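First comes the structure, then the notes that go with it.
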Amino acid sequence: MSTAYEPVIGLEVHVQIKTASKMFCGCKNEYGGTPNSHTCPVCLGMPGVLPVPNEEAIRRTIQTGLMLGCDIAQICKFDRKSYFYPDMPKNYQISQYDQPLCNGGGVMLGKFAFPKETQKDDIASSKKVVRLTRIHLEEDVAKSTHFETSSGIDFNRAGTPLMEIVSEADIASPEEAFAYLKTLQQIVQQGGISDADMEKGQLRCDCNVSVRPVGTQKFGTKVEIKNLNSISGVRRALAYEIQRQSRVLSEGGSIRQETRGWDDPAGETFILRTKEDAHDYRYFPDPDLMPMRTDSGLLSEAQARLPELPHQREVRYMNDYGLGDYDANVLSSDLALAAFFEECVQSGAPGKACANLIANELMASVSSDASKLAESPVKAAHIAELAKLLEAQKINSKQGKEVFAEMLVSGKMPAAIVEEKGMSQISDTSALEAIAQQVIDANPGPVADYRSGKVAALNSLKGQAMKLSKGKANPQLIGETLERLLKAP
Amino acid sequence: MNVEYVAKLARIDLSAQEIETYQNQLGSVLEHMDAIASLNLDGIEPTAHASPVFNVLRKDEIKPSLPVEDALSNAPKKANDLILMPKIVE
Amino acid sequence: MNPAFENITSLRAKLAARDITPTEVIEALRARCTQVEPSVSAFNHLDWDTALREAATADASLPLGGVPIAIKDVIAVKGQPCTCSSKILKGHTAVYDAGVIERLRSLGAVPVGRCNMDEFAMGSSTENSADGPTRNPWDTSRIPGGSSGGSAACVAAHEAIASLGSDTGGSIRQPAALCGCVGLKPTYGRVSRYGLVAFASSLDQIGPFTKTVRDAATLLGAISGRDPRDCTSLDQPVPDYTASLEQGVKGLRIGVPKEYFIEGMDKDVEQTTRQALDQLAKLGAELVDISLPHTNYALSSYYIIAPAEASANLARFDGVRYGARVPDGKDVLDVYSRTRALGFGNEVKRRIILGTYVLSSGYYDAYYLRAQKVRTLIRKDFEEAWKKCDIIATPTTPTPAFKLGEKTGDPIQMYLSDVFTIAVNMAGLCGLSLPCGFVQRDSTDLPLGLQFIGKAFDEATLLRASHAYEQSTEWHTRRPVL
């Protein structure tokens with residue numbers, strides 16, 4: 001019988017912090033630009049220059065730590081991490097070794113952060129928390145472009161403030177890794193820490209993965225996978241690597257401690273380097289930089305700007321507006337979407353109806369891309385008014401869809417569309433009674449059927465009443481009115 | 001000390017002759033340093049800065065960068081605003 | 001008088017009175033250099049055209065208007081070469097001005113010349129220079145001290161009015177002593193290090209070489225103060241250091257540490273220093289016996305901390321963004337390893353290897369961490385001493401200037417030349433060396449220096465005591481024959 005293996009995964013996530021200037025100099029922190037146009041003696045590592053830390057980068061790292069439930073260090077420092085690489089201007093990176101800004105903390109994996117087809121699995125509903133080891137602050141390196149025989153280096157990116165978020169080896173599947181990254185991405189985006197666009201390298205992920213026979217405790221030999229540039233790529237790379245390691249072990253082989261890359265088109269990992277050429281980073285406290293105290297204002301300033309987190313917002317939407325978990329999750333997962341929803345309900349529109357319209361009609365109209373909301377002719381005022389019309393039963397849900405489609409084309413307000421199309425529903429008791437009486441008088445057959453116990457005959461009478469009212473009668477109310485009149489002695 | 005290994009870490013190519021010379025010289029330098037090995041340093045805090053002050057930071061403000069020509073003026077090899085090196089393979 | 005023989009104070013009086021123009025001063029220095037530079041070799045680079053152009057526009061009404069200052073080749077001056085006397089920076093031109101250069105320029109001074117030095121400031125004799133050694137103006141068969149040998153020699157030889165150097169373990173005070181001029185190492189954090197090519201970042205400090213103590217006060221005042229580009233420069237008020245010069249030493253408690261006067265020390269050095277101390281006592285100072293018990297450990301811990309920091313600081317010299325690069329590197333590693341092998345001299349390589357070793361995995365605690373703890377003990381020694389005295393006096397060097405080549409084969413003998421100066425850097429204090437007499441070697445008079453050590457940010461007391469001593473002696477008026 002063959003042994004089953006289970007993976008043990010830990011992630012190291014690098015997040016570029018969205019500041020105006022770089023980590024240790026005043027150069028603009030901006031993606032792209034003419035190569036080497038955002039550089040100065042400091043970020044080029046010219047002889048004689050000195051670093052001066054950007055306080056905003058420190059504040060935002062603390063803020064991230066607070067959002068993830070970390071302990072914020074009272075005192076910390078910067079260290080030099082030495083290794084030679086052409087994209088490292090000083091051949092040491094200013095980083096944090098034994099005193100990072102943030103320790104501990106965790107990321108809760110919400111159901112909807114999992115890949116769609118796995119959201120029904122038990123693990124997706126388990127509210128698992130992946131523990132964090134630490135978050136530290138460092139500087140990003142330059143970017144290389146590779147040619148036939150040479151490489152070209154652009155130092156624009158060198159010195160961008162960079163957070164490294166290190167998880168414990170708590171992740172047990174590629175899908176959990178996916179959910180972890182999605183959640184982390186959402187949190188740093190909503191906190192205004194980073195745009196966290198993986199394609200632009202604003203969020204990067206290295207994976208440490210090993211496998212062990214199911215039921216055993218001892219960790220297997222771990223392999224590091226680098227150069228992953230999408231969340232689904234991480235999932236695919238991990239799935240491949242778990243399979244590879246399991247196969248090697250089940251064939252009696254052993255896993256070497258090594259660093260591998262991910263070739264997405266080929267769908268496989270490949271070896272980058274083995275442990276024999278592992279680095280000796282020679283960390284020591286950077287003598288150019290003074291230690292930091294967070295209790296001198298940095299911590300309280302970060303606390304003051306803590307935003308509501310996605311999962312907190314989700315719970316609030318469910319409690320305050322009675323939303324279902326799906327709608328609450330969709331609306332809280334994106335800051336623009338949440339703002340849109342809150343604008344709707346602020347005018348007194350019913351939350352549930354608004355949420356329904358936004359999560360279904362509106363999102364479908366922008367292909368589920370919340371960033372396109374601003375371009376849509378349908379604004380919060382439209383949704384609010386439409387929700388009110390539906391709630392007051394002025395129109396039925398089928399008419400609601402019609403009105404929405406019209407708004408999307410013309411941008412007209414829903415009440416005007418209802419008016420124009422003469423859609424207003426008849427909900428007035430006396431008007432409904434008049435219609436019902438007319439139908440009863442004109443259809444003695446079905447009336448007699450109903451009264452003799454054939455309850456289904458009511459449907460035919462209801463159809464007649466809707467026809468008579470040209471579809472404007474409130475379907476539920478006209479049914480009730482008919483029933484009441486038919487039962488009357 | 002393994003001079004050959006350490007020189008590799010420091011990215012300095014040494015000849016066999018240099019390795020031998022440095023091995024001898026640095027060996028006696030290290031002997032000299034053993035003076036501090038005998039000191040009792042229990043409970044003594046290390047000094048990283050002569051007079052430490054905390055939070056010497058700067059505001060998040062953009063300062064002008066160098067013109068690209070200046071940034072690359074000392075580069076031994078460059079093309080298309082990039083600094084060139086032999087192809088980097090990890 | 002030949003303007004080259006003026007000092008800052010006397011020259012400024014003449015410039016302000018328009019008795020002389022800044023251009024004439026440069027011309028005079030050019031003539032002097034033409035005459036003596038072949039035998040001294042104090043400079044790596046002299047660009048008279050630029051100096052003349054800048055002198056022509058110098059505003060003589062500014063405090064240092066029209067005063068040329070020679071600059072050690074380790075401090076960045078925009079548009080001028082900055083090689084640190086290393087092959088690895090051959091052809092490198094600084095693209096920015098150091099903090100001290102900006103300050104000098106704003107006061108009207110003109111940076112002139114690049115002073116020779118031990119490569120990357122590592123050495124005590126200026127023999128470790130890719131540009132060849134500088135020679136001692138008092139005896140050109142001898143070394144001028146180091147690492148700021150060029151800065152000391154050019155002032156002593158009157159090729160410059162004053163100069164700037166840098167001091168990591170004695171690199172200003174030791175050559176000042178051996179060349180017979182005034183050299184001041186300011187308190188760590190007093191002067192901006194922005195633009196000083198780092199050797200050991202927690203120890204380095206820029207300071208002046210001058211012909212008189214008053215000039216040292218003037219030049220220190222000009223370059224001091226917080227620079228927002230250097231986190232280690234401290235926000236301490238900068239007094240007018242010349243204002244308190246005349247206050248004398250009456251009642252000043254001068255500590256004399258027994259660890260600096262030991263069995264077997266050079267008799268001439270001991271005698272000369274004792275005479276200087278007697279002179280200070282005559283002037284009204286109170287001599288106090290003190291002890292700095294961890295003095296013997298300063299050298300060992302220095303030679304761990306300084307190379308460790310240097311190994312990281314010098315990692316950037318890799319031939320990628322600036323400096324020399326081997327033309328035929330076949331891959332990245334090959335470019336690095338051979339560029340650095342060809343670009344660095346022996347002493348620099350030795351220290352990088354030593355520093356890399358003490359930081360490497362498994363050795364950090366045994367070496368670097370212990371050395372940092374010893375540093376704490378050295379600081380505490382001084383804190384204890386300050387309870388008994390206001391200032392400390394010691395010899396600056398264990399011997400007068402030695403012969404070229406005498407110690408190049410034995411690193412430890414060379415390292416021992418800094419034995420009296422290192423503790424000041426380890427504790428981050430200020431120190432000053434000034435001439436305190438001459439001794440004969442091979443029938444030639446060689447200068448010796450007296451070192452004053454002051455409390456952190458108390459350069460004023462250092463300068464006051466030095467001025468009192470200087471004004472009561474004639475050592476500073478002597479000139480080498482060249």
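Chain labels A, B, ... are given in the sequence in which chains occur in the structure tokens; within each chain residues are numbered consecutively from 1, and ligands are likewise numbered from 1 in the order shown.
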
Using only C-alpha atoms, what does the table of chain A residues within 7 Å of chain B look like, with each row giving the shortest atom pair and its distance in Å to one decimal, sorted by chain and ascending number, as a tab-separated table?
residue	atom	partner	partner_atom	distance
A:Thr19	CA	B:Asp60	CA	7.0
A:Ala20	CA	B:Asp60	CA	6.1
A:Ser21	CA	B:Ile62	CA	5.1
A:Gly26	CA	B:Lys63	CA	4.5
A:Cys27	CA	B:Ser65	CA	5.5
A:Lys28	CA	B:Ile62	CA	5.6
A:Pro35	CA	B:Asp81	CA	5.6
A:Asn36	CA	B:Val68	CA	6.0
A:Ser37	CA	B:Val68	CA	5.3
A:His38	CA	B:Ser65	CA	5.6
A:Thr39	CA	B:Ser65	CA	5.3
A:Cys40	CA	B:Leu66	CA	5.1
A:Val52	CA	B:Leu57	CA	6.0
A:Pro53	CA	B:Leu57	CA	5.1
A:Asn54	CA	B:Arg58	CA	5.2
A:Glu55	CA	B:Leu57	CA	5.6
A:Glu56	CA	B:Asp60	CA	5.9
A:His146	CA	B:Lys87	CA	6.6
A:Thr149	CA	B:Lys87	CA	5.3
A:Ser150	CA	B:Lys87	CA	3.8
A:Ser151	CA	B:Lys87	CA	4.6
A:Gly152	CA	B:Leu84	CA	4.6
A:Ile153	CA	B:Ile83	CA	5.0
A:Asp154	CA	B:Leu82	CA	5.7
A:Leu272	CA	B:Glu90	CA	6.6
A:Pro287	CA	B:Ala48	CA	6.7
A:Met290	CA	B:Phe54	CA	5.8
A:Pro291	CA	B:Phe54	CA	5.3
A:Met292	CA	B:Asn55	CA	4.7
A:Arg293	CA	B:Phe54	CA	6.3

Those residues with C-alpha atoms, as a PDB file, in the first residue's frame please?
ATOM      1  CA  THR A  19       4.799  56.046   0.182  1.00  0.00           C
ATOM      2  CA  ALA A  20       5.597  59.234  -1.722  1.00  0.00           C
ATOM      3  CA  SER A  21       9.366  58.792  -1.406  1.00  0.00           C
ATOM      4  CA  GLY A  26      13.875  61.380  -1.151  1.00  0.00           C
ATOM      5  CA  CYS A  27      13.581  59.806  -4.604  1.00  0.00           C
ATOM      6  CA  LYS A  28      10.055  59.274  -5.859  1.00  0.00           C
ATOM      7  CA  PRO A  35      15.296  53.570 -16.233  1.00  0.00           C
ATOM      8  CA  ASN A  36      17.426  55.108 -13.485  1.00  0.00           C
ATOM      9  CA  SER A  37      15.446  58.367 -13.502  1.00  0.00           C
ATOM     10  CA  HIS A  38      14.319  57.951  -9.877  1.00  0.00           C
ATOM     11  CA  THR A  39      17.799  57.580  -8.433  1.00  0.00           C
ATOM     12  CA  CYS A  40      20.196  59.609  -6.322  1.00  0.00           C
ATOM     13  CA  VAL A  52      17.707  58.267   6.546  1.00  0.00           C
ATOM     14  CA  PRO A  53      14.541  56.244   7.278  1.00  0.00           C
ATOM     15  CA  ASN A  54      11.151  57.334   5.986  1.00  0.00           C
ATOM     16  CA  GLU A  55       8.867  57.642   9.031  1.00  0.00           C
ATOM     17  CA  GLU A  56       5.748  56.989   6.950  1.00  0.00           C
ATOM     18  CA  HIS A 146      18.028  40.114 -19.241  1.00  0.00           C
ATOM     19  CA  THR A 149      24.680  37.965 -23.129  1.00  0.00           C
ATOM     20  CA  SER A 150      24.169  40.763 -20.630  1.00  0.00           C
ATOM     21  CA  SER A 151      21.748  42.089 -18.043  1.00  0.00           C
ATOM     22  CA  GLY A 152      20.676  45.727 -17.670  1.00  0.00           C
ATOM     23  CA  ILE A 153      19.994  47.161 -14.233  1.00  0.00           C
ATOM     24  CA  ASP A 154      17.440  49.861 -13.430  1.00  0.00           C
ATOM     25  CA  LEU A 272      17.682  27.377  -8.893  1.00  0.00           C
ATOM     26  CA  PRO A 287      25.790  51.758  12.504  1.00  0.00           C
ATOM     27  CA  MET A 290      19.712  54.935  15.207  1.00  0.00           C
ATOM     28  CA  PRO A 291      17.329  52.581  17.030  1.00  0.00           C
ATOM     29  CA  MET A 292      13.589  53.262  16.989  1.00  0.00           C
ATOM     30  CA  ARG A 293      11.020  53.558  19.754  1.00  0.00           C
TER      31      ARG A 293
END

Contact set, chain C to chain B: 7 Å, only C-alpha atoms, as an MDAnalysis selection string:
chainID C and resid 92:93 95 202 231 297 300 320:325 330:332 336:338 340:341 350 353 356:357 369 372:373 375:376 412 427:428

Going by DSSP on the backbone, which residues of region 288-405 of chain A come out as alpha helix (DSSP H)? List them as a VMD selection string.
chain A and resid 298 to 304 310 to 321 325 to 332 335 to 346 351 to 356 363 to 365 380 to 391 397 to 405

9 Å contacts from chain C to chain A using only C-alpha atoms, as a ChimeraX atom specification
/C:74-76,82,94-96,98,193-198,200-202,228-232,308-309,312-318,320-322,332-333,336,356-361,364,368

Report as a ChimeraX atom specification all protein, DNA and RNA residues lying within 10 Å of region 426-432 of chain A, evaluated on only C-alpha atoms, omitting residues in the same chain fewer than 2 positions from it.
/A:392-395,423-424,434-438,465,469,471-482

Residues from the last selection, N, CA and C atoms, saved as an mmCIF file, in the first residue's frame:
data_model
loop_
_atom_site.group_PDB
_atom_site.id
_atom_site.type_symbol
_atom_site.label_atom_id
_atom_site.label_comp_id
_atom_site.auth_asym_id
_atom_site.auth_seq_id
_atom_site.Cartn_x
_atom_site.Cartn_y
_atom_site.Cartn_z
ATOM 1 N N ALA A 392 -41.000 49.325 -1.293
ATOM 2 C CA ALA A 392 -42.363 49.840 -1.126
ATOM 3 C C ALA A 392 -43.340 49.116 -2.054
ATOM 4 N N GLN A 393 -42.802 48.141 -2.781
ATOM 5 C CA GLN A 393 -43.596 47.332 -3.710
ATOM 6 C C GLN A 393 -44.274 48.168 -4.785
ATOM 7 N N LYS A 394 -43.635 49.278 -5.131
ATOM 8 C CA LYS A 394 -44.140 50.100 -6.221
ATOM 9 C C LYS A 394 -43.937 49.354 -7.538
ATOM 10 N N ILE A 395 -42.898 48.565 -7.585
ATOM 11 C CA ILE A 395 -42.656 47.700 -8.743
ATOM 12 C C ILE A 395 -42.252 46.323 -8.228
ATOM 13 N N MET A 423 -45.026 51.782 -15.044
ATOM 14 C CA MET A 423 -44.853 50.495 -14.368
ATOM 15 C C MET A 423 -45.415 50.434 -12.956
ATOM 16 N N SER A 424 -45.776 51.608 -12.434
ATOM 17 C CA SER A 424 -46.162 51.661 -11.029
ATOM 18 C C SER A 424 -47.125 50.546 -10.662
ATOM 19 N N ALA A 434 -61.649 46.516 -6.630
ATOM 20 C CA ALA A 434 -62.468 46.777 -7.818
ATOM 21 C C ALA A 434 -62.098 45.801 -8.935
ATOM 22 N N ILE A 435 -60.732 45.638 -9.119
ATOM 23 C CA ILE A 435 -60.269 44.705 -10.160
ATOM 24 C C ILE A 435 -60.730 43.290 -9.829
ATOM 25 N N ALA A 436 -60.550 42.876 -8.577
ATOM 26 C CA ALA A 436 -60.896 41.521 -8.146
ATOM 27 C C ALA A 436 -62.393 41.243 -8.346
ATOM 28 N N GLN A 437 -63.200 42.217 -7.992
ATOM 29 C CA GLN A 437 -64.657 42.047 -8.114
ATOM 30 C C GLN A 437 -65.043 41.848 -9.575
ATOM 31 N N GLN A 438 -64.374 42.712 -10.435
ATOM 32 C CA GLN A 438 -64.667 42.626 -11.870
ATOM 33 C C GLN A 438 -64.334 41.231 -12.398
ATOM 34 N N ALA A 465 -56.767 38.780 -13.450
ATOM 35 C CA ALA A 465 -56.656 40.087 -12.762
ATOM 36 C C ALA A 465 -55.401 40.824 -13.232
ATOM 37 N N SER A 469 -55.231 44.348 -15.200
ATOM 38 C CA SER A 469 -54.507 45.542 -14.684
ATOM 39 C C SER A 469 -53.296 45.867 -15.546
ATOM 40 N N GLY A 471 -50.719 44.143 -15.901
ATOM 41 C CA GLY A 471 -49.491 43.740 -15.204
ATOM 42 C C GLY A 471 -49.106 44.619 -14.028
ATOM 43 N N LYS A 472 -49.924 45.660 -13.761
ATOM 44 C CA LYS A 472 -49.497 46.604 -12.720
ATOM 45 C C LYS A 472 -49.942 46.209 -11.318
ATOM 46 N N ALA A 473 -50.872 45.289 -11.229
ATOM 47 C CA ALA A 473 -51.336 44.900 -9.897
ATOM 48 C C ALA A 473 -50.212 44.202 -9.152
ATOM 49 N N ASN A 474 -50.126 44.519 -7.888
ATOM 50 C CA ASN A 474 -49.143 43.829 -7.061
ATOM 51 C C ASN A 474 -49.544 42.372 -7.013
ATOM 52 N N PRO A 475 -48.718 41.474 -7.559
ATOM 53 C CA PRO A 475 -49.162 40.083 -7.726
ATOM 54 C C PRO A 475 -49.562 39.429 -6.405
ATOM 55 N N GLN A 476 -48.806 39.703 -5.378
ATOM 56 C CA GLN A 476 -49.112 39.051 -4.106
ATOM 57 C C GLN A 476 -50.426 39.569 -3.523
ATOM 58 N N LEU A 477 -50.555 40.910 -3.586
ATOM 59 C CA LEU A 477 -51.747 41.515 -2.984
ATOM 60 C C LEU A 477 -53.028 41.154 -3.745
ATOM 61 N N ILE A 478 -52.936 41.087 -5.091
ATOM 62 C CA ILE A 478 -54.161 40.789 -5.854
ATOM 63 C C ILE A 478 -54.621 39.367 -5.535
ATOM 64 N N GLY A 479 -53.652 38.474 -5.318
ATOM 65 C CA GLY A 479 -53.976 37.104 -4.930
ATOM 66 C C GLY A 479 -54.728 37.086 -3.604
ATOM 67 N N GLU A 480 -54.181 37.846 -2.643
ATOM 68 C CA GLU A 480 -54.802 37.897 -1.318
ATOM 69 C C GLU A 480 -56.208 38.477 -1.385
ATOM 70 N N THR A 481 -56.345 39.546 -2.212
ATOM 71 C CA THR A 481 -57.649 40.221 -2.316
ATOM 72 C C THR A 481 -58.696 39.267 -2.910
ATOM 73 N N LEU A 482 -58.287 38.576 -3.977
ATOM 74 C CA LEU A 482 -59.212 37.614 -4.606
ATOM 75 C C LEU A 482 -59.685 36.563 -3.593
#

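You can rank A:Leu335, A:Ala158, A:Ile255, A:Ala237 by their closest distance to Lys143 (chain A) using only C-alpha atoms, and at the top of that list sits A:Ala158.
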
Mind checking which residues fall within 8 Å of region 191-195 of chain A, counting only C-alpha atoms, ignoring those fewer than 4 positions away in the same chain, and posting them as a list in words?
Val15, Gln16, Ile17, Lys18, Arg60, Thr61, Gln63, Thr64, Ile187, Gln202, Leu306, Pro307 and Leu309 of chain A

Output file for the selection above: N, CA and C atoms, as a PDB file, in the first residue's frame:
ATOM      1  N   VAL A  15       5.754  42.936   0.534  1.00  0.00           N
ATOM      2  CA  VAL A  15       4.769  43.931   0.102  1.00  0.00           C
ATOM      3  C   VAL A  15       5.448  45.292   0.012  1.00  0.00           C
ATOM      4  N   GLN A  16       5.396  45.909  -1.153  1.00  0.00           N
ATOM      5  CA  GLN A  16       5.930  47.275  -1.308  1.00  0.00           C
ATOM      6  C   GLN A  16       4.976  48.252  -0.642  1.00  0.00           C
ATOM      7  N   ILE A  17       5.526  49.168   0.112  1.00  0.00           N
ATOM      8  CA  ILE A  17       4.679  50.135   0.811  1.00  0.00           C
ATOM      9  C   ILE A  17       4.509  51.376  -0.050  1.00  0.00           C
ATOM     10  N   LYS A  18       3.247  51.831  -0.125  1.00  0.00           N
ATOM     11  CA  LYS A  18       2.900  52.959  -0.997  1.00  0.00           C
ATOM     12  C   LYS A  18       3.204  54.278  -0.275  1.00  0.00           C
ATOM     13  N   ARG A  60       3.364  52.786   8.458  1.00  0.00           N
ATOM     14  CA  ARG A  60       2.494  51.866   7.721  1.00  0.00           C
ATOM     15  C   ARG A  60       2.796  50.400   8.044  1.00  0.00           C
ATOM     16  N   THR A  61       4.044  50.119   8.358  1.00  0.00           N
ATOM     17  CA  THR A  61       4.364  48.748   8.767  1.00  0.00           C
ATOM     18  C   THR A  61       3.704  48.457  10.113  1.00  0.00           C
ATOM     19  N   GLN A  63       1.037  49.890  11.213  1.00  0.00           N
ATOM     20  CA  GLN A  63      -0.397  49.798  10.935  1.00  0.00           C
ATOM     21  C   GLN A  63      -0.757  48.406  10.412  1.00  0.00           C
ATOM     22  N   THR A  64       0.067  47.877   9.518  1.00  0.00           N
ATOM     23  CA  THR A  64      -0.156  46.525   9.008  1.00  0.00           C
ATOM     24  C   THR A  64      -0.124  45.526  10.156  1.00  0.00           C
ATOM     25  N   ILE A 187      -6.298  43.036   2.828  1.00  0.00           N
ATOM     26  CA  ILE A 187      -6.066  43.831   4.042  1.00  0.00           C
ATOM     27  C   ILE A 187      -5.090  44.969   3.761  1.00  0.00           C
ATOM     28  N   GLN A 202       4.331  44.425  -6.666  1.00  0.00           N
ATOM     29  CA  GLN A 202       4.079  45.135  -5.409  1.00  0.00           C
ATOM     30  C   GLN A 202       3.782  44.160  -4.274  1.00  0.00           C
ATOM     31  N   LEU A 306      -6.226  53.322  11.888  1.00  0.00           N
ATOM     32  CA  LEU A 306      -6.612  51.944  11.589  1.00  0.00           C
ATOM     33  C   LEU A 306      -7.977  51.916  10.921  1.00  0.00           C
ATOM     34  N   PRO A 307      -8.089  51.324   9.776  1.00  0.00           N
ATOM     35  CA  PRO A 307      -9.384  51.251   9.111  1.00  0.00           C
ATOM     36  C   PRO A 307     -10.181  50.051   9.627  1.00  0.00           C
ATOM     37  N   LEU A 309     -11.556  46.552   9.168  1.00  0.00           N
ATOM     38  CA  LEU A 309     -11.024  45.474   8.348  1.00  0.00           C
ATOM     39  C   LEU A 309     -12.144  44.739   7.634  1.00  0.00           C
TER      40      LEU A 309
END

Do a neighbour search on Arg451 (chain A) at 12 Å with only C-alpha atoms, toss out local chain neighbours closer than 6 positions, and write the hits as a ChimeraX atom specification.
/A:440,444-445,457-458,482-489
